[in-house]
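The next block is entry.txt, given as compact mmCIF, C-alpha atoms.
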# COMPACT_ATOMS: atom_id res chain seq x y z
CA MET A 1 13.12 67.38 -46.02
CA SER A 2 9.64 68.43 -47.13
CA ILE A 3 6.96 66.09 -48.44
CA PHE A 4 7.55 67.46 -51.94
CA GLN A 5 11.32 66.97 -51.75
CA LYS A 6 10.77 63.42 -50.52
CA VAL A 7 8.43 62.64 -53.41
CA PHE A 8 10.07 64.53 -56.26
CA GLY A 9 13.67 64.95 -55.14
CA GLN A 10 15.54 68.18 -54.47
CA SER A 11 15.91 70.56 -57.38
CA THR A 12 18.17 73.58 -57.76
CA ASN A 13 15.63 75.26 -60.01
CA LYS A 14 13.36 77.37 -57.77
CA GLU A 15 10.82 77.92 -60.54
CA THR A 16 10.56 74.20 -61.23
CA ASN A 17 10.17 73.48 -57.53
CA ALA A 18 7.41 76.07 -57.25
CA MET A 19 5.54 74.59 -60.21
CA VAL A 20 5.83 71.05 -58.85
CA ASN A 21 4.71 72.13 -55.39
CA LYS A 22 1.76 74.05 -56.80
CA LYS A 23 0.68 71.12 -58.97
CA ASP A 24 0.94 68.68 -56.09
CA PHE A 25 -1.00 71.04 -53.82
CA TYR A 26 -3.93 71.02 -56.24
CA THR A 27 -3.68 67.25 -56.64
CA ALA A 28 -3.77 66.78 -52.87
CA ILE A 29 -6.88 68.96 -52.62
CA GLU A 30 -8.60 66.92 -55.33
CA GLU A 31 -7.63 63.52 -53.93
CA ARG A 32 -8.55 64.25 -50.33
CA ARG A 33 -11.80 62.35 -49.99
CA SER A 34 -13.88 60.60 -47.33
CA ILE A 35 -12.42 57.09 -47.20
CA TYR A 36 -14.41 54.64 -45.09
CA GLY A 37 -12.66 51.41 -46.07
CA ILE A 38 -9.42 51.49 -44.05
CA SER A 39 -7.08 48.95 -42.47
CA SER A 40 -4.50 48.95 -39.68
CA GLU A 41 -1.66 48.15 -42.06
CA THR A 42 1.36 50.42 -41.60
CA VAL A 43 1.78 53.18 -44.19
CA ILE A 44 4.37 55.41 -42.51
CA SER A 45 6.12 55.34 -39.15
CA ASP A 46 4.46 56.66 -36.00
CA GLU A 47 7.28 59.20 -35.85
CA ARG A 48 6.29 60.50 -39.28
CA ILE A 49 2.65 60.73 -38.19
CA GLU A 50 3.80 62.83 -35.25
CA GLU A 51 5.78 65.11 -37.58
CA VAL A 52 2.75 65.61 -39.84
CA ILE A 53 0.47 66.45 -36.90
CA HIS A 54 2.99 68.80 -35.29
CA HIS A 55 3.51 70.67 -38.57
CA ALA A 56 -0.23 71.10 -39.12
CA VAL A 57 -0.95 72.28 -35.57
CA LYS A 58 1.97 74.71 -35.65
CA HIS A 59 1.22 76.32 -39.00
CA THR A 60 -2.58 76.31 -39.34
CA PRO A 61 -3.84 79.88 -38.78
CA SER A 62 -6.10 80.99 -35.94
CA SER A 63 -7.83 84.29 -35.17
CA PHE A 64 -5.69 86.68 -33.14
CA ASN A 65 -3.05 83.92 -33.30
CA SER A 66 -5.01 82.31 -30.48
CA GLN A 67 -3.57 78.81 -31.13
CA SER A 68 -6.62 77.39 -29.36
CA ALA A 69 -6.52 74.04 -31.18
CA ARG A 70 -5.66 70.91 -29.22
CA VAL A 71 -5.10 67.49 -30.80
CA VAL A 72 -4.88 63.97 -29.39
CA VAL A 73 -3.71 61.16 -31.69
CA LEU A 74 -4.84 57.68 -30.67
CA LEU A 75 -2.90 54.73 -32.05
CA GLY A 76 -2.96 50.99 -31.45
CA ASP A 77 -5.16 49.79 -28.60
CA ASN A 78 -6.16 53.37 -27.75
CA HIS A 79 -7.58 53.84 -31.24
CA THR A 80 -9.55 50.61 -30.90
CA LYS A 81 -10.76 51.59 -27.46
CA LEU A 82 -12.21 54.88 -28.77
CA TRP A 83 -14.46 53.08 -31.25
CA ASN A 84 -15.46 50.51 -28.65
CA ILE A 85 -16.48 53.39 -26.38
CA THR A 86 -18.41 55.00 -29.22
CA THR A 87 -20.12 51.71 -30.07
CA GLU A 88 -21.34 51.22 -26.51
CA SER A 89 -22.49 54.85 -26.25
CA LEU A 90 -24.53 54.45 -29.43
CA ARG A 91 -25.92 51.12 -28.24
CA ASN A 92 -27.68 53.05 -25.46
CA ILE A 93 -29.60 55.25 -27.89
CA VAL A 94 -30.04 53.25 -31.12
CA PRO A 95 -32.89 50.69 -31.16
CA VAL A 96 -31.66 47.11 -30.99
CA ASP A 97 -33.31 46.11 -34.27
CA GLN A 98 -31.54 49.00 -36.04
CA PHE A 99 -28.12 48.67 -34.43
CA GLY A 100 -26.51 46.34 -37.00
CA PRO A 101 -25.47 49.00 -39.55
CA THR A 102 -24.27 51.28 -36.75
CA GLU A 103 -22.09 48.55 -35.27
CA GLU A 104 -20.64 47.75 -38.70
CA LYS A 105 -19.74 51.41 -39.19
CA MET A 106 -17.98 51.55 -35.81
CA GLN A 107 -16.07 48.37 -36.66
CA ALA A 108 -14.98 49.92 -39.95
CA PHE A 109 -13.55 52.94 -38.13
CA GLY A 110 -11.92 50.70 -35.55
CA ASN A 111 -10.24 48.69 -38.33
CA GLY A 112 -8.06 51.71 -39.11
CA TYR A 113 -4.58 52.61 -37.91
CA GLY A 114 -5.45 55.55 -35.68
CA THR A 115 -7.78 58.42 -34.89
CA VAL A 116 -7.12 62.13 -34.58
CA LEU A 117 -9.25 63.87 -31.95
CA PHE A 118 -9.75 67.60 -32.49
CA PHE A 119 -10.41 69.89 -29.53
CA GLU A 120 -10.67 73.63 -28.89
CA ASP A 121 -9.49 75.07 -25.57
CA SER A 122 -12.28 77.11 -23.98
CA LYS A 123 -9.84 78.81 -21.57
CA THR A 124 -7.96 80.34 -24.48
CA ILE A 125 -11.19 81.52 -26.09
CA GLU A 126 -12.53 82.97 -22.84
CA SER A 127 -9.25 84.81 -22.28
CA LEU A 128 -9.56 86.50 -25.67
CA GLN A 129 -13.19 87.36 -24.94
CA ASN A 130 -12.08 89.14 -21.78
CA GLN A 131 -9.23 90.95 -23.52
CA PHE A 132 -11.27 92.07 -26.53
CA ALA A 133 -14.82 92.48 -25.26
CA SER A 134 -16.11 94.07 -28.45
CA TYR A 135 -15.35 90.84 -30.32
CA ALA A 136 -16.49 88.51 -27.54
CA ASP A 137 -19.37 86.95 -29.46
CA ASN A 138 -17.15 86.18 -32.43
CA PHE A 139 -14.34 84.27 -30.74
CA PRO A 140 -16.26 80.97 -30.41
CA ILE A 141 -17.20 81.26 -34.10
CA TRP A 142 -13.64 82.03 -35.14
CA SER A 143 -12.47 79.12 -33.02
CA GLN A 144 -14.66 76.79 -35.10
CA HIS A 145 -13.26 78.32 -38.29
CA SER A 146 -9.72 77.62 -37.13
CA SER A 147 -10.59 74.07 -36.11
CA GLY A 148 -12.12 73.45 -39.54
CA MET A 149 -8.93 74.63 -41.21
CA LEU A 150 -6.82 72.36 -39.00
CA GLN A 151 -9.05 69.39 -39.75
CA TYR A 152 -8.64 70.03 -43.46
CA VAL A 153 -4.86 70.49 -43.24
CA ILE A 154 -4.40 67.25 -41.29
CA TRP A 155 -6.83 65.36 -43.52
CA THR A 156 -5.01 66.48 -46.67
CA SER A 157 -1.60 65.84 -45.11
CA LEU A 158 -2.59 62.30 -44.19
CA GLU A 159 -3.80 61.75 -47.75
CA LEU A 160 -0.40 62.90 -49.06
CA GLU A 161 1.26 60.33 -46.83
CA GLY A 162 -0.88 57.51 -48.22
CA PHE A 163 -3.64 57.29 -45.61
CA GLY A 164 -7.38 57.40 -46.15
CA ALA A 165 -9.48 59.25 -43.58
CA SER A 166 -12.94 60.58 -42.85
CA LEU A 167 -14.34 63.15 -40.44
CA GLN A 168 -16.81 62.04 -37.76
CA HIS A 169 -18.82 63.84 -35.07
CA TYR A 170 -19.89 61.62 -32.19
CA ASN A 171 -19.49 64.46 -29.74
CA PRO A 172 -21.00 65.38 -27.32
CA LEU A 173 -22.17 61.76 -26.89
CA ILE A 174 -18.66 60.48 -26.10
CA ASP A 175 -17.16 63.63 -24.55
CA GLU A 176 -17.13 62.60 -20.91
CA ASP A 177 -15.89 59.07 -21.63
CA VAL A 178 -13.07 60.45 -23.78
CA LYS A 179 -11.98 62.96 -21.14
CA ARG A 180 -12.03 60.32 -18.43
CA GLU A 181 -10.23 57.63 -20.44
CA TRP A 182 -7.39 59.81 -21.72
CA ASP A 183 -7.18 62.40 -18.92
CA ILE A 184 -8.27 65.31 -21.12
CA PRO A 185 -8.47 68.74 -19.41
CA ASP A 186 -12.00 69.98 -18.72
CA SER A 187 -11.40 73.09 -20.82
CA TRP A 188 -10.77 71.05 -23.98
CA ASN A 189 -13.98 70.76 -25.99
CA LEU A 190 -14.16 67.86 -28.42
CA ILE A 191 -14.98 69.02 -31.95
CA ALA A 192 -14.44 66.05 -34.28
CA GLN A 193 -12.89 62.62 -34.74
CA MET A 194 -10.83 61.54 -37.76
CA PRO A 195 -10.22 57.78 -38.13
CA PHE A 196 -7.47 57.00 -40.63
CA GLY A 197 -5.73 53.98 -42.07
CA LYS A 198 -4.49 52.38 -45.25
CA PRO A 199 -7.27 52.65 -47.87
CA THR A 200 -8.94 49.35 -48.74
CA LEU A 201 -11.78 50.82 -50.79
CA PRO A 202 -11.78 53.89 -53.05
CA ALA A 203 -14.03 56.87 -52.45
CA GLY A 204 -17.31 56.86 -54.31
CA GLU A 205 -18.11 59.01 -57.29
CA LYS A 206 -18.60 62.68 -56.45
CA GLU A 207 -21.00 64.98 -58.25
CA PHE A 208 -20.22 68.67 -58.60
CA LYS A 209 -22.73 71.48 -58.95
CA PRO A 210 -21.99 74.01 -61.70
CA LEU A 211 -19.31 76.43 -60.51
CA GLY A 212 -21.19 79.26 -62.20
CA GLU A 213 -23.85 78.87 -59.52
CA ARG A 214 -21.30 78.88 -56.70
CA VAL A 215 -18.65 81.42 -57.69
CA LYS A 216 -18.98 85.05 -58.66
CA ILE A 217 -16.01 86.93 -60.11
CA VAL A 218 -16.28 90.71 -59.93
CA LYS A 219 -13.86 92.78 -62.04

Let me see the file written as structure tokens.
Amino acid sequence: MSIFQKVFGQSTNKETNAMVNKKDFYTAIEERRSIYGISSETVISDERIEEVIHHAVKHTPSSFNSQSARVVVLLGDNHTKLWNITTESLRNIVPVDQFGPTEEKMQAFGNGYGTVLFFEDSKTIESLQNQFASYADNFPIWSQHSSGMLQYVIWTSLELEGFGASLQHYNPLIDEDVKREWDIPDSWNLIAQMPFGKPTLPAGEKEFKPLGERVKIVK
């Protein structure tokens, strides 16, 4: 059963289903925000989280169908351990008298339910570079594009399930510690970290620049 069927029930009217799905798609896009106040309270089962991640990884597009994305989902003590590792890594570079806000931020991420780690597999990218030499310089760029799409799909999917999340980038600072702690292959390059949990605080107000300055329609 799809997310939409679960929420709205199954309809025999294909047109009605399409309209509901389209409306909910736009709502999900609008309501996906950076949520920093999160808790470890259960929202859905771990099995459902796995389903959501699998669906996103399987169906998010990639250049040349490279499927170079790799994902690690940290739950429970492993989630907490990641943010402890990040805290100690930052402690080595942030001045002591300025570390308070940094530590509070790490604690806020650690208060969540889990973290999604996004990687790209360099072996897959290098293989494509060798196969299609004329595009060699573009494959690392396209890899980043694909990773960005996957991050967005998972972020929005988690929002639909009732989680709040944000996207963080403490790589390459924590790369080696992460690989060592969770036995990550050397060819997997860490791209981003997404802590998620039950929202405890709403997102702040968001200002939008005029769309006329950002979109051009040519007929």

Using only C-alpha atoms, what table do you get, as a tab-separated table, when you list each residue of region 24-47 of chain A with an atom no more than 7 Å from region 189-212 of chain A, its nearest pair of atoms, and their distance in Å rounded to one decimal, rows by chain then rising number?
residue	atom	partner	partner_atom	distance
A:Arg33	CA	A:Ala203	CA	6.4
A:Ser34	CA	A:Ala203	CA	6.3
A:Ile35	CA	A:Ala203	CA	5.5
A:Gly37	CA	A:Leu201	CA	4.8
A:Ile38	CA	A:Pro199	CA	4.5
A:Ser39	CA	A:Lys198	CA	5.1
A:Ser40	CA	A:Gly197	CA	5.7
A:Glu41	CA	A:Lys198	CA	6.0
A:Val43	CA	A:Lys198	CA	6.4

Computed interatomic separation between CA of Ile85 (chain A) and CA of Ile141 (chain A) (Å) | 28.9 Å

Atomic separation - CA of Glu30 (chain A) relative to CA of Val215 (chain A), Å =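 That distance, rounded to one decimal, is 17.8 Å.
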
Among the residues A:Gln67, A:Thr115, A:Thr60, A:Thr102, the one that comes closest to Gly164 (chain A) [using only C-alpha atoms] |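 Ranking A:Gln67, A:Thr115, A:Thr60, A:Thr102 by distance to Gly164 (chain A), first place goes to A:Thr115.
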
Can you pull out every residue within 12 Å of region 62-64 of chain A, counting all atoms listed in the file, but drop anything in the same chain fewer than 3 positions away, and send it as number ranges by chain?
-> A: 56-59, 67-69, 120, 124-125, 127-129, 131-132, 135, 138-150

Do a neighbour search on Leu74 (chain A) at 8 Å with all atoms listed in the file, toss out local chain neighbours closer than 6 positions, and write the hits as a JSON list (two decimals) with C-alpha atoms, in the coordinates of the input.
[["chain", "number", "residue", "atom", "x", "y", "z"],
["A", 114, "GLY", "CA", -5.45, 55.55, -35.68],
["A", 115, "THR", "CA", -7.78, 58.42, -34.89],
["A", 116, "VAL", "CA", -7.12, 62.13, -34.58],
["A", 117, "LEU", "CA", -9.25, 63.87, -31.95]]

What is the CA of Ser45 (chain A) to CA of Gly162 (chain A) distance in Å?
-> 11.7 Å

Using all atoms listed in the file, which residues sit within 7 Å of Arg32 (chain A) once same-chain residues fewer than 4 positions away are excluded, as a count of residues only?
-> 3

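Checking A:Leu173, A:Val178, A:Met106, A:Leu75 one by one against Asp46 (chain A), counting only C-alpha atoms, you find the shortest gap at A:Leu75.
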
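Considering the residues A:His79, A:Gln107, A:Tyr170, A:Ser157 and counting all atoms listed in the file, His54 (chain A) has its shortest atom-to-atom contact with A:Ser157.
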
Exercise on region 107-124 of chain A, axis-aligned box with 8 Å per side, report centre and edge lengths in Å to one decimal, as JSON:
{"center_x": -10.3, "center_y": 64.4, "center_z": -30.8, "size_x": 27.5, "size_y": 48.0, "size_z": 34.4}

How would region 116-133 of chain A read, as a PDB file, in the frame of the given file, once N, CA and C atoms are built in?
ATOM      1  N   VAL A 116      -7.486  60.801 -35.059  1.00  0.00           N
ATOM      2  CA  VAL A 116      -7.120  62.130 -34.580  1.00  0.00           C
ATOM      3  C   VAL A 116      -8.345  62.744 -33.920  1.00  0.00           C
ATOM      4  N   LEU A 117      -8.188  63.158 -32.662  1.00  0.00           N
ATOM      5  CA  LEU A 117      -9.250  63.870 -31.950  1.00  0.00           C
ATOM      6  C   LEU A 117      -8.941  65.360 -31.973  1.00  0.00           C
ATOM      7  N   PHE A 118      -9.911  66.155 -32.403  1.00  0.00           N
ATOM      8  CA  PHE A 118      -9.750  67.600 -32.490  1.00  0.00           C
ATOM      9  C   PHE A 118     -10.511  68.274 -31.340  1.00  0.00           C
ATOM     10  N   PHE A 119      -9.812  69.141 -30.627  1.00  0.00           N
ATOM     11  CA  PHE A 119     -10.410  69.890 -29.530  1.00  0.00           C
ATOM     12  C   PHE A 119     -10.145  71.381 -29.727  1.00  0.00           C
ATOM     13  N   GLU A 120     -10.940  72.199 -29.027  1.00  0.00           N
ATOM     14  CA  GLU A 120     -10.670  73.630 -28.890  1.00  0.00           C
ATOM     15  C   GLU A 120     -10.639  73.940 -27.392  1.00  0.00           C
ATOM     16  N   ASP A 121      -9.669  74.755 -26.984  1.00  0.00           N
ATOM     17  CA  ASP A 121      -9.490  75.070 -25.570  1.00  0.00           C
ATOM     18  C   ASP A 121     -10.333  76.272 -25.174  1.00  0.00           C
ATOM     19  N   SER A 122     -11.346  76.032 -24.365  1.00  0.00           N
ATOM     20  CA  SER A 122     -12.280  77.110 -23.980  1.00  0.00           C
ATOM     21  C   SER A 122     -11.585  78.172 -23.132  1.00  0.00           C
ATOM     22  N   LYS A 123     -10.553  77.808 -22.379  1.00  0.00           N
ATOM     23  CA  LYS A 123      -9.840  78.810 -21.570  1.00  0.00           C
ATOM     24  C   LYS A 123      -9.188  79.860 -22.453  1.00  0.00           C
ATOM     25  N   THR A 124      -8.596  79.411 -23.542  1.00  0.00           N
ATOM     26  CA  THR A 124      -7.960  80.340 -24.480  1.00  0.00           C
ATOM     27  C   THR A 124      -8.996  81.264 -25.096  1.00  0.00           C
ATOM     28  N   ILE A 125     -10.125  80.717 -25.470  1.00  0.00           N
ATOM     29  CA  ILE A 125     -11.190  81.520 -26.090  1.00  0.00           C
ATOM     30  C   ILE A 125     -11.755  82.519 -25.086  1.00  0.00           C
ATOM     31  N   GLU A 126     -11.999  82.085 -23.867  1.00  0.00           N
ATOM     32  CA  GLU A 126     -12.530  82.970 -22.840  1.00  0.00           C
ATOM     33  C   GLU A 126     -11.544  84.088 -22.505  1.00  0.00           C
ATOM     34  N   SER A 127     -10.258  83.787 -22.526  1.00  0.00           N
ATOM     35  CA  SER A 127      -9.250  84.810 -22.280  1.00  0.00           C
ATOM     36  C   SER A 127      -9.299  85.909 -23.334  1.00  0.00           C
ATOM     37  N   LEU A 128      -9.456  85.519 -24.584  1.00  0.00           N
ATOM     38  CA  LEU A 128      -9.560  86.500 -25.670  1.00  0.00           C
ATOM     39  C   LEU A 128     -10.856  87.303 -25.549  1.00  0.00           C
ATOM     40  N   GLN A 129     -11.924  86.652 -25.138  1.00  0.00           N
ATOM     41  CA  GLN A 129     -13.190  87.360 -24.940  1.00  0.00           C
ATOM     42  C   GLN A 129     -13.051  88.449 -23.875  1.00  0.00           C
ATOM     43  N   ASN A 130     -12.289  88.154 -22.848  1.00  0.00           N
ATOM     44  CA  ASN A 130     -12.080  89.140 -21.780  1.00  0.00           C
ATOM     45  C   ASN A 130     -11.157  90.268 -22.227  1.00  0.00           C
ATOM     46  N   GLN A 131     -10.181  89.940 -23.051  1.00  0.00           N
ATOM     47  CA  GLN A 131      -9.230  90.950 -23.520  1.00  0.00           C
ATOM     48  C   GLN A 131      -9.852  91.876 -24.564  1.00  0.00           C
ATOM     49  N   PHE A 132     -10.697  91.305 -25.412  1.00  0.00           N
ATOM     50  CA  PHE A 132     -11.270  92.070 -26.530  1.00  0.00           C
ATOM     51  C   PHE A 132     -12.785  91.928 -26.480  1.00  0.00           C
ATOM     52  N   ALA A 133     -13.393  92.637 -25.540  1.00  0.00           N
ATOM     53  CA  ALA A 133     -14.820  92.480 -25.260  1.00  0.00           C
ATOM     54  C   ALA A 133     -15.702  92.784 -26.467  1.00  0.00           C
TER      55      ALA A 133
END
